[in-house]
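Dropping entry-v2.cif in here (mmCIF, C-alpha atoms):
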data_work
loop_
_atom_site.group_PDB
_atom_site.id
_atom_site.type_symbol
_atom_site.label_atom_id
_atom_site.label_comp_id
_atom_site.auth_asym_id
_atom_site.auth_seq_id
_atom_site.Cartn_x
_atom_site.Cartn_y
_atom_site.Cartn_z
ATOM 1 C CA MET A 1 -143.618 -49.125 10.992
ATOM 2 C CA LYS A 2 -145.337 -49.126 7.605
ATOM 3 C CA VAL A 3 -149.107 -49.171 8.178
ATOM 4 C CA LEU A 4 -151.677 -49.873 5.484
ATOM 5 C CA THR A 5 -155.163 -48.588 6.324
ATOM 6 C CA VAL A 6 -158.079 -49.988 4.320
ATOM 7 C CA TYR A 7 -161.060 -47.666 4.585
ATOM 8 C CA ALA A 8 -164.668 -48.265 3.550
ATOM 9 C CA HIS A 9 -167.364 -45.597 3.661
ATOM 10 C CA GLN A 10 -169.312 -44.206 0.739
ATOM 11 C CA ASP A 11 -169.467 -40.604 2.023
ATOM 12 C CA PRO A 12 -166.197 -38.616 2.044
ATOM 13 C CA LYS A 13 -167.806 -36.155 4.499
ATOM 14 C CA SER A 14 -168.865 -38.826 6.984
ATOM 15 C CA PHE A 15 -167.835 -39.072 10.624
ATOM 16 C CA CYS A 16 -166.098 -42.313 9.661
ATOM 17 C CA HIS A 17 -163.868 -40.285 7.324
ATOM 18 C CA ALA A 18 -163.069 -37.892 10.159
ATOM 19 C CA VAL A 19 -162.003 -40.944 12.198
ATOM 20 C CA LEU A 20 -159.719 -41.970 9.321
ATOM 21 C CA GLU A 21 -158.153 -38.499 9.195
ATOM 22 C CA GLU A 22 -157.448 -38.416 12.940
ATOM 23 C CA PHE A 23 -156.052 -41.940 12.943
ATOM 24 C CA THR A 24 -153.756 -41.127 10.024
ATOM 25 C CA LYS A 25 -152.551 -37.943 11.720
ATOM 26 C CA GLY A 26 -151.708 -39.955 14.807
ATOM 27 C CA LEU A 27 -149.724 -42.478 12.767
ATOM 28 C CA GLU A 28 -147.745 -39.734 11.050
ATOM 29 C CA GLU A 29 -147.035 -37.896 14.315
ATOM 30 C CA ALA A 30 -145.607 -41.121 15.719
ATOM 31 C CA GLY A 31 -143.267 -41.406 12.731
ATOM 32 C CA HIS A 32 -145.028 -44.289 10.990
ATOM 33 C CA GLU A 33 -145.220 -44.549 7.218
ATOM 34 C CA SER A 34 -148.925 -44.456 6.372
ATOM 35 C CA GLU A 35 -150.776 -45.519 3.229
ATOM 36 C CA VAL A 36 -154.563 -45.403 2.881
ATOM 37 C CA VAL A 37 -156.664 -47.441 0.460
ATOM 38 C CA ASP A 38 -160.081 -45.792 0.156
ATOM 39 C CA LEU A 39 -162.122 -48.574 -1.432
ATOM 40 C CA TYR A 40 -164.985 -46.371 -2.587
ATOM 41 C CA ALA A 41 -162.639 -43.717 -3.964
ATOM 42 C CA ILE A 42 -160.778 -46.259 -6.115
ATOM 43 C CA ARG A 43 -164.071 -47.989 -7.021
ATOM 44 C CA PHE A 44 -162.762 -51.340 -5.894
ATOM 45 C CA ASP A 45 -164.863 -54.188 -7.255
ATOM 46 C CA PRO A 46 -165.838 -56.421 -4.307
ATOM 47 C CA VAL A 47 -167.503 -59.101 -6.432
ATOM 48 C CA PHE A 48 -165.660 -62.424 -6.638
ATOM 49 C CA ARG A 49 -165.886 -63.238 -10.346
ATOM 50 C CA MET A 50 -164.802 -66.203 -12.469
ATOM 51 C CA GLN A 51 -161.347 -64.731 -13.078
ATOM 52 C CA ASP A 52 -160.778 -64.438 -9.318
ATOM 53 C CA SER A 53 -160.573 -68.226 -9.128
ATOM 54 C CA ALA A 54 -156.987 -67.826 -10.369
ATOM 55 C CA SER A 55 -156.098 -66.312 -6.981
ATOM 56 C CA TYR A 56 -156.998 -69.615 -5.348
ATOM 57 C CA VAL A 57 -154.818 -71.783 -7.590
ATOM 58 C CA HIS A 58 -151.301 -72.170 -6.233
ATOM 59 C CA GLU A 59 -148.347 -74.380 -7.057
ATOM 60 C CA SER A 60 -147.960 -75.336 -3.376
ATOM 61 C CA MET A 61 -151.272 -77.178 -3.381
ATOM 62 C CA PRO A 62 -151.080 -80.989 -3.090
ATOM 63 C CA PRO A 63 -150.594 -82.660 -6.506
ATOM 64 C CA GLU A 64 -153.858 -84.590 -6.217
ATOM 65 C CA VAL A 65 -155.770 -81.359 -5.583
ATOM 66 C CA LEU A 66 -154.216 -79.697 -8.628
ATOM 67 C CA GLU A 67 -154.994 -82.755 -10.739
ATOM 68 C CA ARG A 68 -158.660 -82.648 -9.729
ATOM 69 C CA MET A 69 -158.814 -79.036 -10.875
ATOM 70 C CA ASP A 70 -157.973 -80.061 -14.468
ATOM 71 C CA LEU A 71 -155.934 -76.887 -14.909
ATOM 72 C CA LYS A 72 -154.956 -77.401 -18.542
ATOM 73 C CA LYS A 73 -158.604 -77.551 -19.535
ATOM 74 C CA ARG A 74 -159.248 -74.432 -17.493
ATOM 75 C CA VAL A 75 -156.533 -72.552 -19.393
ATOM 76 C CA LEU A 76 -157.859 -73.726 -22.773
ATOM 77 C CA ASP A 77 -161.448 -72.833 -21.885
ATOM 78 C CA SER A 78 -160.380 -69.298 -20.992
ATOM 79 C CA ALA A 79 -158.174 -68.832 -24.063
ATOM 80 C CA GLY A 80 -160.893 -67.139 -26.122
ATOM 81 C CA ASN A 81 -160.365 -67.098 -29.882
ATOM 82 C CA PRO A 82 -158.987 -70.078 -31.874
ATOM 83 C CA VAL A 83 -155.537 -68.537 -32.349
ATOM 84 C CA THR A 84 -155.081 -67.910 -28.631
ATOM 85 C CA ARG A 85 -156.375 -71.396 -27.885
ATOM 86 C CA PHE A 86 -153.867 -72.917 -30.354
ATOM 87 C CA LEU A 87 -150.971 -71.025 -28.779
ATOM 88 C CA ALA A 88 -152.110 -71.990 -25.288
ATOM 89 C CA ALA A 89 -152.322 -75.660 -26.304
ATOM 90 C CA ARG A 90 -148.748 -75.549 -27.635
ATOM 91 C CA TRP A 91 -147.495 -73.932 -24.421
ATOM 92 C CA LEU A 92 -149.302 -76.494 -22.270
ATOM 93 C CA LYS A 93 -148.026 -79.510 -24.189
ATOM 94 C CA ASN A 94 -144.925 -80.211 -22.082
ATOM 95 C CA LYS A 95 -145.877 -78.404 -18.868
ATOM 96 C CA ASP A 96 -146.519 -80.165 -15.580
ATOM 97 C CA THR A 97 -149.390 -79.291 -13.275
ATOM 98 C CA ARG A 98 -147.323 -77.057 -10.992
ATOM 99 C CA GLU A 99 -146.091 -74.963 -13.919
ATOM 100 C CA VAL A 100 -149.665 -74.495 -15.078
ATOM 101 C CA ALA A 101 -150.756 -73.540 -11.544
ATOM 102 C CA ARG A 102 -147.955 -70.976 -11.397
ATOM 103 C CA LEU A 103 -149.119 -69.468 -14.695
ATOM 104 C CA ILE A 104 -152.750 -69.276 -13.580
ATOM 105 C CA HIS A 105 -151.903 -67.652 -10.234
ATOM 106 C CA ALA A 106 -149.728 -65.086 -12.017
ATOM 107 C CA HIS A 107 -152.714 -64.103 -14.165
ATOM 108 C CA ARG A 108 -155.133 -63.348 -11.338
ATOM 109 C CA PRO A 109 -156.967 -60.002 -11.600
ATOM 110 C CA LYS A 110 -154.545 -57.087 -11.547
ATOM 111 C CA ASP A 111 -156.536 -54.994 -9.067
ATOM 112 C CA ALA A 112 -156.562 -57.766 -6.454
ATOM 113 C CA ALA A 113 -152.886 -58.531 -7.068
ATOM 114 C CA ALA A 114 -152.006 -54.856 -6.613
ATOM 115 C CA GLN A 115 -153.866 -54.767 -3.310
ATOM 116 C CA TRP A 116 -152.027 -57.873 -2.146
ATOM 117 C CA GLU A 117 -148.686 -56.194 -2.891
ATOM 118 C CA LYS A 118 -149.704 -53.340 -0.589
ATOM 119 C CA VAL A 119 -150.638 -55.813 2.164
ATOM 120 C CA LYS A 120 -147.387 -57.726 1.733
ATOM 121 C CA ALA A 121 -145.296 -54.550 1.967
ATOM 122 C CA ALA A 122 -146.924 -53.375 5.218
ATOM 123 C CA ASP A 123 -145.810 -54.137 8.783
ATOM 124 C CA GLY A 124 -149.225 -53.363 10.253
ATOM 125 C CA LEU A 125 -152.796 -53.205 8.981
ATOM 126 C CA ALA A 126 -155.783 -51.077 9.960
ATOM 127 C CA PHE A 127 -159.414 -51.270 8.861
ATOM 128 C CA ILE A 128 -161.895 -48.435 9.372
ATOM 129 C CA SER A 129 -165.568 -48.787 8.469
ATOM 130 C CA PRO A 130 -169.113 -48.779 9.831
ATOM 131 C CA VAL A 131 -170.723 -51.999 11.023
ATOM 132 C CA ILE A 132 -173.117 -53.494 8.466
ATOM 133 C CA TRP A 133 -175.068 -56.611 9.503
ATOM 134 C CA LEU A 134 -172.472 -57.340 12.229
ATOM 135 C CA HIS A 135 -169.646 -57.374 9.702
ATOM 136 C CA PHE A 136 -167.693 -55.145 7.360
ATOM 137 C CA PRO A 137 -169.492 -53.357 4.514
ATOM 138 C CA ALA A 138 -169.756 -55.506 1.386
ATOM 139 C CA ILE A 139 -166.976 -53.606 -0.387
ATOM 140 C CA LEU A 140 -164.513 -54.377 2.430
ATOM 141 C CA LYS A 141 -165.648 -57.964 2.897
ATOM 142 C CA GLY A 142 -165.212 -58.454 -0.845
ATOM 143 C CA TRP A 143 -161.724 -56.984 -0.558
ATOM 144 C CA PHE A 144 -160.826 -59.778 1.869
ATOM 145 C CA GLU A 145 -162.323 -62.437 -0.390
ATOM 146 C CA ARG A 146 -160.404 -61.235 -3.436
ATOM 147 C CA VAL A 147 -157.102 -60.220 -1.797
ATOM 148 C CA PHE A 148 -156.414 -62.694 1.050
ATOM 149 C CA ALA A 149 -155.894 -65.584 -1.357
ATOM 150 C CA TYR A 150 -154.504 -69.094 -1.003
ATOM 151 C CA GLY A 151 -150.724 -69.220 -0.966
ATOM 152 C CA ASP A 152 -150.576 -65.545 0.021
ATOM 153 C CA ALA A 153 -152.563 -65.082 3.239
ATOM 154 C CA TYR A 154 -152.911 -68.734 4.209
ATOM 155 C CA ALA A 155 -152.374 -72.323 3.106
ATOM 156 C CA LEU A 156 -153.678 -75.745 4.153
ATOM 157 C CA THR A 157 -152.018 -78.851 5.523
ATOM 158 C CA PRO A 158 -152.995 -82.276 4.092
ATOM 159 C CA GLU A 159 -155.516 -82.470 6.952
ATOM 160 C CA GLY A 160 -156.913 -79.106 5.921
ATOM 161 C CA TRP A 161 -157.535 -80.450 2.449
ATOM 162 C CA THR A 162 -159.712 -83.163 3.983
ATOM 163 C CA GLY A 163 -161.939 -80.509 5.584
ATOM 164 C CA ASP A 164 -160.264 -80.261 8.999
ATOM 165 C CA MET A 165 -160.365 -76.580 10.020
ATOM 166 C CA ARG A 166 -157.273 -77.087 12.191
ATOM 167 C CA GLY A 167 -155.299 -77.577 8.991
ATOM 168 C CA ARG A 168 -155.198 -73.872 8.178
ATOM 169 C CA VAL A 169 -151.596 -72.571 7.863
ATOM 170 C CA PRO A 170 -151.030 -68.857 8.637
ATOM 171 C CA LEU A 171 -148.836 -66.958 6.168
ATOM 172 C CA LEU A 172 -149.289 -63.309 7.195
ATOM 173 C CA HIS A 173 -146.256 -61.687 8.829
ATOM 174 C CA HIS A 174 -147.807 -58.505 10.233
ATOM 175 C CA GLU A 175 -147.121 -57.400 13.782
ATOM 176 C CA LYS A 176 -150.532 -55.851 14.359
ATOM 177 C CA ALA A 177 -153.983 -55.256 12.921
ATOM 178 C CA LEU A 178 -156.379 -52.624 14.250
ATOM 179 C CA VAL A 179 -160.087 -52.519 13.406
ATOM 180 C CA ILE A 180 -162.097 -49.361 14.116
ATOM 181 C CA SER A 181 -165.853 -49.867 13.763
ATOM 182 C CA THR A 182 -168.461 -47.124 13.966
ATOM 183 C CA THR A 183 -171.845 -48.410 15.137
ATOM 184 C CA LEU A 184 -175.465 -47.411 15.688
ATOM 185 C CA PHE A 185 -176.147 -49.507 18.769
ATOM 186 C CA ARG A 186 -175.067 -49.099 22.403
ATOM 187 C CA GLU A 187 -172.007 -50.514 24.104
ATOM 188 C CA GLU A 188 -174.345 -52.531 26.359
ATOM 189 C CA ASP A 189 -175.798 -54.272 23.310
ATOM 190 C CA TYR A 190 -172.344 -55.200 22.058
ATOM 191 C CA ASP A 191 -171.317 -56.399 25.509
ATOM 192 C CA ALA A 192 -174.436 -58.560 25.697
ATOM 193 C CA TYR A 193 -174.320 -60.398 22.396
ATOM 194 C CA LEU A 194 -173.243 -58.360 19.329
ATOM 195 C CA ARG A 195 -169.470 -58.227 19.832
ATOM 196 C CA GLU A 196 -168.869 -61.981 20.113
ATOM 197 C CA PRO A 197 -169.882 -62.933 16.528
ATOM 198 C CA MET A 198 -167.877 -60.022 15.119
ATOM 199 C CA THR A 199 -164.838 -61.071 17.147
ATOM 200 C CA ARG A 200 -165.081 -64.599 15.801
ATOM 201 C CA MET A 201 -165.589 -63.664 12.160
ATOM 202 C CA ILE A 202 -163.392 -60.568 11.812
ATOM 203 C CA ASP A 203 -160.758 -60.653 14.540
ATOM 204 C CA ASP A 204 -160.190 -64.397 14.906
ATOM 205 C CA TRP A 205 -160.985 -65.924 11.545
ATOM 206 C CA GLY A 206 -160.117 -62.978 9.309
ATOM 207 C CA LEU A 207 -156.973 -61.708 11.049
ATOM 208 C CA ARG A 208 -155.579 -63.931 13.825
ATOM 209 C CA TYR A 209 -155.905 -67.261 12.028
ATOM 210 C CA PRO A 210 -153.909 -66.021 8.981
ATOM 211 C CA GLY A 211 -151.075 -65.095 11.327
ATOM 212 C CA ILE A 212 -151.352 -61.493 12.544
ATOM 213 C CA LYS A 213 -149.677 -61.411 15.944
ATOM 214 C CA GLN A 214 -151.788 -58.763 17.688
ATOM 215 C CA VAL A 215 -155.371 -57.824 16.816
ATOM 216 C CA GLU A 216 -157.176 -54.885 18.427
ATOM 217 C CA HIS A 217 -160.797 -53.996 17.721
ATOM 218 C CA CYS A 218 -162.119 -50.610 18.841
ATOM 219 C CA TYR A 219 -165.821 -49.710 18.659
ATOM 220 C CA PHE A 220 -167.275 -46.205 18.531
ATOM 221 C CA TYR A 221 -170.867 -46.691 19.713
ATOM 222 C CA ARG A 222 -174.083 -44.842 18.793
ATOM 223 C CA VAL A 223 -172.276 -42.574 16.328
ATOM 224 C CA PRO A 224 -175.396 -41.352 14.450
ATOM 225 C CA VAL A 225 -177.209 -40.403 17.670
ATOM 226 C CA CYS A 226 -174.552 -39.508 20.262
ATOM 227 C CA ASP A 227 -173.775 -35.937 21.345
ATOM 228 C CA ALA A 228 -170.980 -33.704 20.076
ATOM 229 C CA ALA A 229 -168.776 -34.276 23.132
ATOM 230 C CA THR A 230 -168.902 -38.039 22.631
ATOM 231 C CA ARG A 231 -168.010 -37.658 18.985
ATOM 232 C CA ARG A 232 -165.086 -35.419 19.875
ATOM 233 C CA GLY A 233 -163.937 -38.059 22.318
ATOM 234 C CA TYR A 234 -164.072 -40.696 19.580
ATOM 235 C CA LEU A 235 -161.941 -38.539 17.286
ATOM 236 C CA ASP A 236 -159.411 -37.996 20.062
ATOM 237 C CA ARG A 237 -159.372 -41.752 20.612
ATOM 238 C CA ALA A 238 -158.744 -42.370 16.901
ATOM 239 C CA HIS A 239 -155.817 -39.952 17.028
ATOM 240 C CA THR A 240 -154.382 -41.765 20.049
ATOM 241 C CA LEU A 241 -154.828 -45.142 18.389
ATOM 242 C CA GLY A 242 -152.672 -43.882 15.535
ATOM 243 C CA LYS A 243 -149.981 -42.418 17.808
ATOM 244 C CA GLU A 244 -149.853 -45.561 19.930
ATOM 245 C CA PHE A 245 -150.222 -48.066 17.103
ATOM 246 C CA ALA A 246 -146.866 -49.701 17.797
ATOM 247 C CA ASN A 247 -147.371 -49.882 21.568
#

Show me the file's structure as structure tokens.
Amino acid sequence: MKVLTVYAHQDPKSFCHAVLEEFTKGLEEAGHESEVVDLYAIRFDPVFRMQDSASYVHESMPPEVLERMDLKKRVLDSAGNPVTRFLAARWLKNKDTREVARLIHAHRPKDAAAQWEKVKAADGLAFISPVIWLHFPAILKGWFERVFAYGDAYALTPEGWTGDMRGRVPLLHHEKALVISTTLFREEDYDAYLREPMTRMIDDWGLRYPGIKQVEHCYFYRVPVCDAATRRGYLDRAHTLGKEFAN
């Protein structure tokens, strides 16, 4: 299985990085093809900017939705100098809305498009990071916002375009996603009330709803304050999670 691991921690000497190393070793020992995207190392920009809107324009959208977007005007407004604007106007002259949508989607930011190609090529996904405000760190959450775009990770039925959440169409093909979260707080706290919101936002909405068949979320509790034996146990667990990823 080809597994893409998206990793987010600012310190390359952190315990979280040690978890990544053990997990990757486990994958490789089991014969999986492993690729790691270290978001801090590549300085991935998590901020959804104006140009990222192109990722959410897709030719499969209903015609009335594309018409409301006024895509030709959007292309002209982004053309820049008068010469580029003139050439864009000539190209747009005989193009229908779907052709324009196809052009816009093809010109989404290159870094996000490159990340999507990695996701598309993988059979399984893994995400390793600390818990920040009961979610992923901003750099990883921004990765989802910029990479899991319309027409790639999901689509909408006509009902979805009226605001019905049940109209979300899953497009991901992956067999499995694994999330490993390092935390400050105790397992009892997560059992009581912390795990449920994370399950809903990350596991269900972020991964299951777009179509991933199996989602596993493993927590390593009290990492900054636990003893050495507990930490060693977490690293052993990370190694096993890699070796048994396909199980």

Can you list, as a PyMOL selection string, every protein, DNA or RNA residue that comes within 9 Å of Ile128 (chain A) when you count only C-alpha atoms, leaving out same-chain residues fewer than 3 positions away?
-> chain A and resi 5-9+16-17+19-20+178-182

What are the nearest atom pairs, with distances in Å to one decimal, for all residues of region 204-243 of chain A that come at most 9 Å from region 151-162 of chain A, using all atoms listed in the file, set out by chain and rising residue number as JSON lines?
{"residue": "A:Tyr209", "atom": "CA", "partner": "A:Tyr154", "partner_atom": "CA", "distance": 8.5}
{"residue": "A:Pro210", "atom": "CA", "partner": "A:Tyr154", "partner_atom": "CA", "distance": 5.6}
{"residue": "A:Gly211", "atom": "CA", "partner": "A:Tyr154", "partner_atom": "CA", "distance": 8.2}

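Contact shell of Ser53 (chain A) at 12 Å (all atoms listed in the file; same-chain neighbours under 6 positions omitted): Val47, Met69, Leu71, Arg74, Val75, Ser78, Ala101, Ile104, His105, Ala106, His107, Arg108, Pro109, Ala112, Glu145, Arg146, Val147, Ala149 and Tyr150 of chain A.
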
Excluding same-chain residues fewer than 2 positions from Ala30 (chain A), what lies within 8 Å of it counting only C-alpha atoms, as a tab-separated table (two decimals) with C-alpha atoms, keeping the file's coordinate frame?
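For reference, part.tsv as written:
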chain	number	residue	atom	x	y	z
A	26	GLY	CA	-151.71	-39.96	14.81
A	27	LEU	CA	-149.72	-42.48	12.77
A	28	GLU	CA	-147.74	-39.73	11.05
A	32	HIS	CA	-145.03	-44.29	10.99
A	242	GLY	CA	-152.67	-43.88	15.54
A	243	LYS	CA	-149.98	-42.42	17.81
A	244	GLU	CA	-149.85	-45.56	19.93

Residue contacts of region 186-196 of chain A (6 Å, all atoms listed in the file) excluding same-chain residues fewer than 3 positions away, as a list in words |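 The contact residues come out as Thr199, Tyr221 and Arg222 of chain A.
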
Pick from A:Gly206, A:Pro63, A:Gly167, A:Gly80, whichever lies nearest to Phe127 (chain A) using all atoms listed in the file |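 Result for the nearest residue to Phe127 (chain A): A:Gly206.
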
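The gap separating CA of Met198 (chain A) from CA of Pro130 (chain A) is 12.5 Å, in Å to one decimal.
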
Pick from A:Thr97, A:Gln51, A:Gln214, A:Thr24: nearest to Leu4 (chain A), with all atoms listed in the file counted?
-> A:Thr24

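Under the PyMOL selection byres ((chain A and resi 236) around 12), the matching residues in the shown file are Ala18, Val19, Leu20, Glu21, Glu22, Phe23, Thr24, Lys25, Gly26, Phe220, Ala229, Thr230, Arg231, Arg232, Gly233, Tyr234, Leu235, Arg237, Ala238, His239, Thr240, Leu241, Gly242 and Lys243 of chain A.
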
From the coordinates supplied, region 170-245 of chain A should be written with C-alpha atoms, as a PDB file, in the first residue's frame.
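File selection-v9.pdb, as written:
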ATOM      1  CA  PRO A 170     -17.682  11.643  -1.273  1.00  0.00           C
ATOM      2  CA  LEU A 171     -14.918  11.439  -3.887  1.00  0.00           C
ATOM      3  CA  LEU A 172     -11.937  10.077  -1.930  1.00  0.00           C
ATOM      4  CA  HIS A 173     -10.932   6.501  -2.768  1.00  0.00           C
ATOM      5  CA  HIS A 174      -8.565   5.722   0.111  1.00  0.00           C
ATOM      6  CA  GLU A 175      -8.841   2.486   2.045  1.00  0.00           C
ATOM      7  CA  LYS A 176      -7.748   3.940   5.369  1.00  0.00           C
ATOM      8  CA  ALA A 177      -6.787   7.085   7.246  1.00  0.00           C
ATOM      9  CA  LEU A 178      -4.933   7.060  10.561  1.00  0.00           C
ATOM     10  CA  VAL A 179      -4.657  10.082  12.855  1.00  0.00           C
ATOM     11  CA  ILE A 180      -2.069  10.101  15.652  1.00  0.00           C
ATOM     12  CA  SER A 181      -2.546  12.967  18.111  1.00  0.00           C
ATOM     13  CA  THR A 182      -0.176  13.846  20.935  1.00  0.00           C
ATOM     14  CA  THR A 183      -1.931  15.594  23.823  1.00  0.00           C
ATOM     15  CA  LEU A 184      -1.344  17.347  27.139  1.00  0.00           C
ATOM     16  CA  PHE A 185      -4.464  16.170  28.938  1.00  0.00           C
ATOM     17  CA  ARG A 186      -5.404  12.793  30.438  1.00  0.00           C
ATOM     18  CA  GLU A 187      -7.237   9.933  28.788  1.00  0.00           C
ATOM     19  CA  GLU A 188     -10.036  10.413  31.349  1.00  0.00           C
ATOM     20  CA  ASP A 189     -10.564  13.969  30.118  1.00  0.00           C
ATOM     21  CA  TYR A 190     -10.828  12.801  26.523  1.00  0.00           C
ATOM     22  CA  ASP A 191     -13.191  10.001  27.511  1.00  0.00           C
ATOM     23  CA  ALA A 192     -15.380  12.491  29.368  1.00  0.00           C
ATOM     24  CA  TYR A 193     -15.846  15.210  26.784  1.00  0.00           C
ATOM     25  CA  LEU A 194     -12.771  16.130  24.682  1.00  0.00           C
ATOM     26  CA  ARG A 195     -12.696  13.243  22.198  1.00  0.00           C
ATOM     27  CA  GLU A 196     -16.258  13.613  20.892  1.00  0.00           C
ATOM     28  CA  PRO A 197     -15.838  17.051  19.224  1.00  0.00           C
ATOM     29  CA  MET A 198     -12.539  15.966  17.667  1.00  0.00           C
ATOM     30  CA  THR A 199     -14.157  12.796  16.332  1.00  0.00           C
ATOM     31  CA  ARG A 200     -16.933  14.812  14.736  1.00  0.00           C
ATOM     32  CA  MET A 201     -14.724  17.470  13.171  1.00  0.00           C
ATOM     33  CA  ILE A 202     -11.643  15.464  12.164  1.00  0.00           C
ATOM     34  CA  ASP A 203     -12.644  11.822  11.818  1.00  0.00           C
ATOM     35  CA  ASP A 204     -16.230  12.151  10.590  1.00  0.00           C
ATOM     36  CA  TRP A 205     -16.419  15.435   8.736  1.00  0.00           C
ATOM     37  CA  GLY A 206     -12.821  15.676   7.541  1.00  0.00           C
ATOM     38  CA  LEU A 207     -12.177  12.042   6.587  1.00  0.00           C
ATOM     39  CA  ARG A 208     -15.223   9.738   6.614  1.00  0.00           C
ATOM     40  CA  TYR A 209     -17.651  12.075   4.860  1.00  0.00           C
ATOM     41  CA  PRO A 210     -15.289  12.578   1.865  1.00  0.00           C
ATOM     42  CA  GLY A 211     -15.203   8.812   1.415  1.00  0.00           C
ATOM     43  CA  ILE A 212     -12.329   7.212   3.342  1.00  0.00           C
ATOM     44  CA  LYS A 213     -13.462   3.689   4.167  1.00  0.00           C
ATOM     45  CA  GLN A 214     -11.737   3.179   7.525  1.00  0.00           C
ATOM     46  CA  VAL A 215     -10.673   5.924   9.936  1.00  0.00           C
ATOM     47  CA  GLU A 216      -8.619   5.229  13.064  1.00  0.00           C
ATOM     48  CA  HIS A 217      -7.664   7.896  15.591  1.00  0.00           C
ATOM     49  CA  CYS A 218      -4.994   7.112  18.182  1.00  0.00           C
ATOM     50  CA  TYR A 219      -4.229   9.460  21.089  1.00  0.00           C
ATOM     51  CA  PHE A 220      -0.986   9.612  23.059  1.00  0.00           C
ATOM     52  CA  TYR A 221      -2.011  11.284  26.327  1.00  0.00           C
ATOM     53  CA  ARG A 222      -0.072  13.586  28.683  1.00  0.00           C
ATOM     54  CA  VAL A 223       3.018  13.540  26.463  1.00  0.00           C
ATOM     55  CA  PRO A 224       4.736  16.614  27.997  1.00  0.00           C
ATOM     56  CA  VAL A 225       4.346  15.304  31.559  1.00  0.00           C
ATOM     57  CA  CYS A 226       4.305  11.490  31.381  1.00  0.00           C
ATOM     58  CA  ASP A 227       7.238   9.294  32.431  1.00  0.00           C
ATOM     59  CA  ALA A 228       9.886   7.762  30.183  1.00  0.00           C
ATOM     60  CA  ALA A 229       8.295   4.299  30.224  1.00  0.00           C
ATOM     61  CA  THR A 230       4.990   5.703  28.986  1.00  0.00           C
ATOM     62  CA  ARG A 231       6.739   7.580  26.220  1.00  0.00           C
ATOM     63  CA  ARG A 232       8.590   4.441  25.182  1.00  0.00           C
ATOM     64  CA  GLY A 233       5.272   2.640  25.077  1.00  0.00           C
ATOM     65  CA  TYR A 234       3.846   5.335  22.802  1.00  0.00           C
ATOM     66  CA  LEU A 235       6.781   4.983  20.411  1.00  0.00           C
ATOM     67  CA  ASP A 236       6.341   1.215  20.344  1.00  0.00           C
ATOM     68  CA  ARG A 237       2.656   1.768  19.619  1.00  0.00           C
ATOM     69  CA  ALA A 238       3.493   4.122  16.738  1.00  0.00           C
ATOM     70  CA  HIS A 239       5.795   1.472  15.286  1.00  0.00           C
ATOM     71  CA  THR A 240       3.039  -1.138  15.542  1.00  0.00           C
ATOM     72  CA  LEU A 241       0.513   1.195  13.948  1.00  0.00           C
ATOM     73  CA  GLY A 242       2.827   1.451  10.955  1.00  0.00           C
ATOM     74  CA  LYS A 243       3.434  -2.307  10.715  1.00  0.00           C
ATOM     75  CA  GLU A 244      -0.268  -3.076  11.043  1.00  0.00           C
ATOM     76  CA  PHE A 245      -1.546  -0.199   8.925  1.00  0.00           C
TER      77      PHE A 245
END
